[in-house]
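Student: Can you read through this structure? Questions will come right after.
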Amino acid sequence: MSEIAGVRDNLARRFTRQRVVFWHDPEGDYAAELQHLNLPGVTAIQVANDEYAIKHRLLHEEPTGKFLVYRGGAVPTGVGNWLLDLELAYGVFTADRVSLIRTELGLTAEGIDEALRAHEKFFRAAKRVQSLKALLEPGDSPDQLRAKMTAVLLGQQEHSLLELTRALLIEKAAGGNAKFESLVDYQLDEFYWGGIAKIYGYTWSSPTIDDFVLWMFQQAIRGFRSDQPGGLRNIQLDFNSLRFDLRSQSALATLARRTAKSIGYASTIESANFRDLVSNDLFEEVEQKIISDLAREVAARTATAREVAEVVRKRKSSIWAGGYRKLYAAIESGSELLSELSTLTLTITSFDDGLDRYQQQWFRIDQLYRQFVYAARTAPHSKPLEDLRSEVEKFYANKFLFELGNAWQPHVDAAGKWRSSLLRPQTAFYPEHVAPITKGGRNKAVVIVSDALRYEVADELRTRIRQEDRFDAELDAVLGVLPSYTQLGMAALLPHSKIGHSHDGDPVLVDGQRTDGSANRTKVLKAVDGKAIQAEDVLSLSRDELRDLYSQNQVLYVYHNRIDATGDKAGTERQVFEAAEETLRELVDLVKRLTNANATNILITADHGFLFQDSALADAFYLSTLPQGDEIVTTNRRYVLGRGMKQDSAFRTFEPEQLGLDSDLQVQLPKSIHRLRLPGAGSRFVHGGASLQEIVVPVLTINKKRRSDTRLVHVEVLPESDKITTGQLVVKLFQSEPVSEKVQPRAVRAGLYVGETLISNQPELTFDQESSDKRDRYQNANMLLSQDANDYNNRSVEFRLEERIPNTNQWRTYQKALYTLRRSFASDFDF
């Protein structure tokens with residue numbers, strides 16, 4: 001019901017008693033509404049300097065008709081008012097705006113009329129009134145009315161001081177001021193600042209949003225300490241809500257940056273030890289200080305890998321962490337890498353010992369290096385990592401690549417034949433990994449061949465696949481062929497009896513057939529009812545099309561090429577680790593698509609691995625000796641093919657039969673990790689040689705299970721008392737087991753409730769500790785009671801851990817514990 005409806009009802013009642021109603025509207029508020037009254041049988045007349053004509057009509061022309069005579073503006077006095085006699089006879093109606101508004105809103109509380117009169121301008125717009133009515137309750141007090149009026153002006157449904165403040169701070173962060181100006185325009189600014197003073201404790205003779213923001217952050221810097229009873233508990237609670245609620249988190253971050261700059265916060269923590277700042281996430285400068293100092297100490301070996309991991313874990317909950325995840329990831333992997341290298345002993349007792357130790361342990365160094373370089377290269381700010389990057393590059397290249405290559409080379413030199421009793425040869429991949437699946441024709445197999453998928457990348461792929469629900473993956477390895485390059489490695493994976501180079505090296509032949517390209521590989525696979533297809537073609541198929549493709553072939557070879565395509569070009573070789581990251585994502589997606597097309601037996605392997613270092617190679621890593629021979633067919637950075645090759649101590653020369661190749665081409669490999677310097681070719685990314693990184697080729701076996709096999713880690717609540725006697729409560733929480741591939745992290749929020757009434761802050765916690773040491777898996781929920789908690793003394797209080805319902809913004813209770821709130825008057829001073 002609009003305000004004019006109240007006027008209509010009042011007039012309608014008058015017309016039940018009389019035929020003429022005179023309406024004086026000095027302000028002209030209702031002139032526009034006159035034609036919309038729609039009073040049955042009543043003619044509305046608006047006085048427009050025609051008083052005599054109106055009188056004649058009322059008394060002589062239509063003496064029995066019903067008329068509403070509306071006069072807007074000032075009314076002439078005395079004899080100047082020609083309608084005075086009739087007005088005296090019938091009486092004059094004047095719309096009492098306040099009473100009409102009160103009636104329309106249905107408000108009954110004492111003092112409401114004064115509030116309505118003070119903000120009369122607010123009620124001139126029907127749209128505002130309708131929005132307000134939707135929020136009101138009949139018994140609302142004047143303050144509740146003003147709060148809800150404020151909410152309407154701010155475009156809010158909620159009218160608590162927290163939500164009103166949230167709206168104003170979001171506007172301020174965006175550089176606007178219109179909403180606050182509307183409060184001033186409708187005389188509600190004093191009410192708002194009164195609430196801020198009473199509830200939050202901010203008092204100033206000329207308050208502004210900017211000054212309030214500065215005051216709020218200054219209180220946060222001081223830990224919201226106050227000498228006043230009850231302290232600054234309400235602003236502390238609401239400040240946390242403003243900062244961590246997704247609705248206002250971005251705005252508060254913007255305001256924090258402005259505040260930090262205006263008070264010169266960075267200079268106040270310049271000399272602080274970063275360890276003392278780990279629990280502080282008030283300003284972005286803290287994040288930057290911790291990262292700079294942590295990276296510096298890792299480079300200087302003054303921070304242990306365990307300490308670094310703990311700092312990084314704690315900082316994950318910082319509101320600033322999102323912009324610095326790559327930096328933290330680089331620091332953590334760099335720290336672990338340097339820690340591993342500091343105790344690394346690169347002793348190899350035999351050919352198989354080298355293969356085993358790389359497969360079981362040393363691959364992790366390559367993995368950490370890749371993770372470090374990828375994070376450092378893709379971080380938005382890499383300057384803090386300069387010293388650490390220099391240390392990592394130096395130690396990885398000299399301490400690991402060079403020394404491992406030198407330790408491994410004697411065993412390569414001593415190998416009369418290229419074979420191992422530990423790893424089966426890559427040429428046996430089909431008979432030993434694929435054929436057992438398809439034997440008898442009952443089962444099908446899918447083989448994904450990812451070019452240059454190094455063993456350490458496959459290990460991370462294994463982890464990512466196992467983290468998917470109902471997926472299992474096991475990683476094994478085969479001994480890659482020599483030379484370790486694409487044409488030969490791809491051919492080795494196909495079914496065959498003989499393999500060897502053609503006269504000019506490439507293409508490689510199996511049983512006399514070419515193996516280059518999908519068409520030729522499909523011809524080879526036809527013998528086993530198979531087909532070769534490119535990964536991008538698979539990804540372009542619909543689910544039904546992919547199911548048809550899978551059903552029509554006993555064996556499907558899917559060829560994926562991103563790492564090698566990126567690394568083998570001089571212009572893009574430094575992006576090879578970015579390509580590895582994309583490969584991991586694409587292969588997981590490819591596996592999911594294939595299993596959705598009914599594939600149950602999937603193998604992922606590679607043609608070869610690779611050597612890579614991000615820094616430019618020293619001259620010592622290049623051979624000064626050039627290969628010599630009667631006929632040199634192919635010269636690559638890591639291998640040479642030819643006939644009548646001259647023996648040279650810089651090379652390891654293999655006869656084709658030593659490598660199991662059916663050809664007449666000899667193979668020469670630069671020893672250790674050395675390269676041949678070739679014009680126009682890159683040098684950081686190479687393969688073709690006999691280093692462990694190049695020839696330990698992964699074989700990942702993937703199966704999809706019928707039942708779910710992932711779960712969230714369990715968290716226990718461990719109360720140390722059943723009573724709450726102060727304004728703060730610390731609740732100990734325990735992660736019952738380490739997080740792993742199948743046991744995943746759990747994110748929760750904590751709160752204290754009486755019924756459904758929240759009486760505390762709501763800290764959010766993540767339980768993602770991988771440590772097997774129980775001492776590392778405890779966390780505390782630090783609960784801060786609101787002043788509203790005083791209303792529930794001697795009542796039962798429920799501590800709840802809640803978790804978000806997947807794909808919603810709703811929460812459900814996960815764990816709980818009961819307490820009794822028993823606070824004395826002295827507890828009012830515990831701040």
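Each chain in the structure tokens gets a letter, A, B, ..., in the order shown, and its residues are numbered from 1; ligands are numbered from 1 in order too.
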Give me the residues near Arg258 (chain A) as a list in words, where near means some atom within 10 Å (using only C-alpha atoms) and where sequence neighbours in that chain fewer than 6 positions away do not count.
Tutor: Ala173, Val213, Leu214, Leu252, Gly264 and Phe283 of chain A
Student: Set the distance at 10 Å and use only C-alpha atoms: which residues neighbour Ser421 (chain A) once local chain neighbours fewer than 3 positions away are removed? I'd like the list as a VMD selection string.
Tutor: chain A and resid 351 to 352 424 to 425
Student: Among region 512-627 of chain A, which ones does DSSP assign to alpha helix (DSSP H) (computed from the backbone)? Answer as a PyMOL selection string.
Tutor: chain A and resi 517-525+535-540+543-551+563-567+576-596
Student: Please produce a file of the residues just selected, as a compact mmCIF listing (two decimals), in the first residue's frame, where the atoms kept are N, CA and C atoms.
Tutor:
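again_10.txt, freshly written:
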# COMPACT_ATOMS: atom_id res chain seq x y z
N GLY A 517 55.00 -40.52 -38.41
CA GLY A 517 53.65 -40.03 -38.67
C GLY A 517 52.57 -41.02 -38.30
N SER A 518 51.37 -40.49 -38.04
CA SER A 518 50.24 -41.32 -37.59
C SER A 518 49.84 -42.37 -38.64
N ALA A 519 49.90 -42.01 -39.91
CA ALA A 519 49.46 -42.96 -40.94
C ALA A 519 50.35 -44.19 -40.96
N ASN A 520 51.67 -43.98 -40.91
CA ASN A 520 52.59 -45.12 -40.91
C ASN A 520 52.49 -45.92 -39.63
N ARG A 521 52.28 -45.27 -38.53
CA ARG A 521 52.16 -46.00 -37.26
C ARG A 521 50.87 -46.81 -37.24
N THR A 522 49.81 -46.26 -37.84
CA THR A 522 48.57 -47.02 -37.93
C THR A 522 48.76 -48.29 -38.74
N LYS A 523 49.56 -48.20 -39.82
CA LYS A 523 49.84 -49.39 -40.62
C LYS A 523 50.52 -50.47 -39.79
N VAL A 524 51.47 -50.04 -38.93
CA VAL A 524 52.15 -51.01 -38.06
C VAL A 524 51.16 -51.60 -37.07
N LEU A 525 50.28 -50.75 -36.52
CA LEU A 525 49.35 -51.20 -35.49
C LEU A 525 48.20 -52.03 -36.05
N ALA A 535 46.64 -36.54 -30.05
CA ALA A 535 45.87 -36.18 -28.85
C ALA A 535 44.87 -35.07 -29.14
N GLU A 536 45.28 -34.07 -29.95
CA GLU A 536 44.34 -32.98 -30.23
C GLU A 536 43.12 -33.47 -30.99
N ASP A 537 43.27 -34.53 -31.77
CA ASP A 537 42.11 -35.10 -32.46
C ASP A 537 41.18 -35.81 -31.48
N VAL A 538 41.76 -36.48 -30.51
CA VAL A 538 40.95 -37.13 -29.48
C VAL A 538 40.17 -36.08 -28.69
N LEU A 539 40.84 -34.99 -28.32
CA LEU A 539 40.20 -33.95 -27.52
C LEU A 539 39.10 -33.24 -28.28
N SER A 540 39.13 -33.31 -29.61
CA SER A 540 38.10 -32.63 -30.40
C SER A 540 36.86 -33.50 -30.61
N ARG A 543 31.85 -37.20 -26.83
CA ARG A 543 31.91 -38.42 -26.01
C ARG A 543 31.49 -39.64 -26.82
N ASP A 544 30.42 -39.51 -27.58
CA ASP A 544 29.95 -40.64 -28.39
C ASP A 544 30.95 -41.01 -29.48
N GLU A 545 31.54 -39.98 -30.11
CA GLU A 545 32.52 -40.24 -31.16
C GLU A 545 33.75 -40.95 -30.59
N LEU A 546 34.16 -40.54 -29.39
CA LEU A 546 35.31 -41.17 -28.77
C LEU A 546 34.99 -42.61 -28.36
N ARG A 547 33.77 -42.84 -27.93
CA ARG A 547 33.35 -44.22 -27.59
C ARG A 547 33.38 -45.11 -28.83
N ASP A 548 32.93 -44.56 -29.95
CA ASP A 548 32.96 -45.33 -31.19
C ASP A 548 34.39 -45.66 -31.59
N LEU A 549 35.28 -44.66 -31.48
CA LEU A 549 36.68 -44.88 -31.82
C LEU A 549 37.29 -45.95 -30.93
N TYR A 550 37.00 -45.89 -29.65
CA TYR A 550 37.55 -46.86 -28.70
C TYR A 550 37.01 -48.26 -29.00
N SER A 551 35.72 -48.36 -29.27
CA SER A 551 35.11 -49.67 -29.49
C SER A 551 35.60 -50.33 -30.77
N ILE A 563 55.82 -30.95 -24.63
CA ILE A 563 57.13 -30.69 -24.03
C ILE A 563 58.21 -30.63 -25.10
N ASP A 564 58.27 -31.65 -25.93
CA ASP A 564 59.32 -31.69 -26.95
C ASP A 564 59.12 -30.59 -28.00
N ALA A 565 57.86 -30.33 -28.36
CA ALA A 565 57.59 -29.30 -29.36
C ALA A 565 58.04 -27.93 -28.87
N THR A 566 57.98 -27.73 -27.57
CA THR A 566 58.41 -26.44 -26.99
C THR A 566 59.93 -26.42 -26.79
N GLY A 567 60.46 -27.48 -26.21
CA GLY A 567 61.88 -27.49 -25.86
C GLY A 567 62.83 -27.61 -27.03
N VAL A 576 60.10 -24.71 -21.48
CA VAL A 576 59.81 -26.14 -21.45
C VAL A 576 59.11 -26.55 -20.16
N PHE A 577 59.40 -25.89 -19.04
CA PHE A 577 58.73 -26.28 -17.80
C PHE A 577 57.29 -25.77 -17.75
N GLU A 578 57.03 -24.65 -18.42
CA GLU A 578 55.64 -24.23 -18.57
C GLU A 578 54.89 -25.26 -19.42
N ALA A 579 55.57 -25.77 -20.45
CA ALA A 579 54.98 -26.81 -21.28
C ALA A 579 54.73 -28.09 -20.49
N ALA A 580 55.63 -28.40 -19.55
CA ALA A 580 55.45 -29.58 -18.70
C ALA A 580 54.20 -29.42 -17.84
N GLU A 581 53.98 -28.22 -17.31
CA GLU A 581 52.79 -27.96 -16.50
C GLU A 581 51.52 -28.11 -17.35
N GLU A 582 51.53 -27.58 -18.55
CA GLU A 582 50.39 -27.74 -19.45
C GLU A 582 50.18 -29.20 -19.79
N THR A 583 51.28 -29.93 -19.97
CA THR A 583 51.19 -31.36 -20.27
C THR A 583 50.49 -32.11 -19.15
N LEU A 584 50.83 -31.79 -17.92
CA LEU A 584 50.19 -32.46 -16.78
C LEU A 584 48.69 -32.24 -16.79
N ARG A 585 48.28 -31.02 -17.03
CA ARG A 585 46.84 -30.73 -17.07
C ARG A 585 46.16 -31.45 -18.24
N GLU A 586 46.82 -31.41 -19.40
CA GLU A 586 46.22 -32.01 -20.59
C GLU A 586 46.12 -33.53 -20.48
N LEU A 587 47.13 -34.16 -19.89
CA LEU A 587 47.10 -35.61 -19.77
C LEU A 587 46.04 -36.07 -18.78
N VAL A 588 45.86 -35.33 -17.69
CA VAL A 588 44.78 -35.68 -16.76
C VAL A 588 43.44 -35.56 -17.46
N ASP A 589 43.26 -34.49 -18.23
CA ASP A 589 42.02 -34.31 -18.98
C ASP A 589 41.83 -35.43 -20.00
N LEU A 590 42.90 -35.79 -20.67
CA LEU A 590 42.84 -36.86 -21.68
C LEU A 590 42.45 -38.18 -21.04
N VAL A 591 43.03 -38.48 -19.89
CA VAL A 591 42.69 -39.72 -19.18
C VAL A 591 41.21 -39.74 -18.80
N LYS A 592 40.70 -38.62 -18.30
CA LYS A 592 39.29 -38.55 -17.91
C LYS A 592 38.38 -38.76 -19.12
N ARG A 593 38.72 -38.14 -20.23
CA ARG A 593 37.90 -38.29 -21.42
C ARG A 593 37.89 -39.73 -21.90
N LEU A 594 39.04 -40.37 -21.85
CA LEU A 594 39.13 -41.75 -22.31
C LEU A 594 38.36 -42.69 -21.39
N THR A 595 38.45 -42.48 -20.09
CA THR A 595 37.70 -43.36 -19.18
C THR A 595 36.19 -43.11 -19.32
N ASN A 596 35.81 -41.88 -19.62
CA ASN A 596 34.39 -41.61 -19.87
C ASN A 596 33.90 -42.27 -21.15
Student: For Lys444 (chain A), which residue among A:Leu482, A:Val555, A:Leu344, A:Val508 is the nearest when counting only C-alpha atoms?
Tutor: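 Checking each of A:Leu482, A:Val555, A:Leu344, A:Val508 against Lys444 (chain A), counting only C-alpha atoms, the winner is A:Val555.
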Student: Quick one: residues within 6 Å of Ser736 (chain A), only C-alpha atoms, excluding same-chain residues fewer than 2 positions away - as a count of residues only?
Tutor: 3
Student: To one decimal in Å, tell me the separation between CA of Pro63 (chain A) and CA of Val21 (chain A).
Tutor: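 Rounded to one decimal, the two atoms are 13.8 Å apart.
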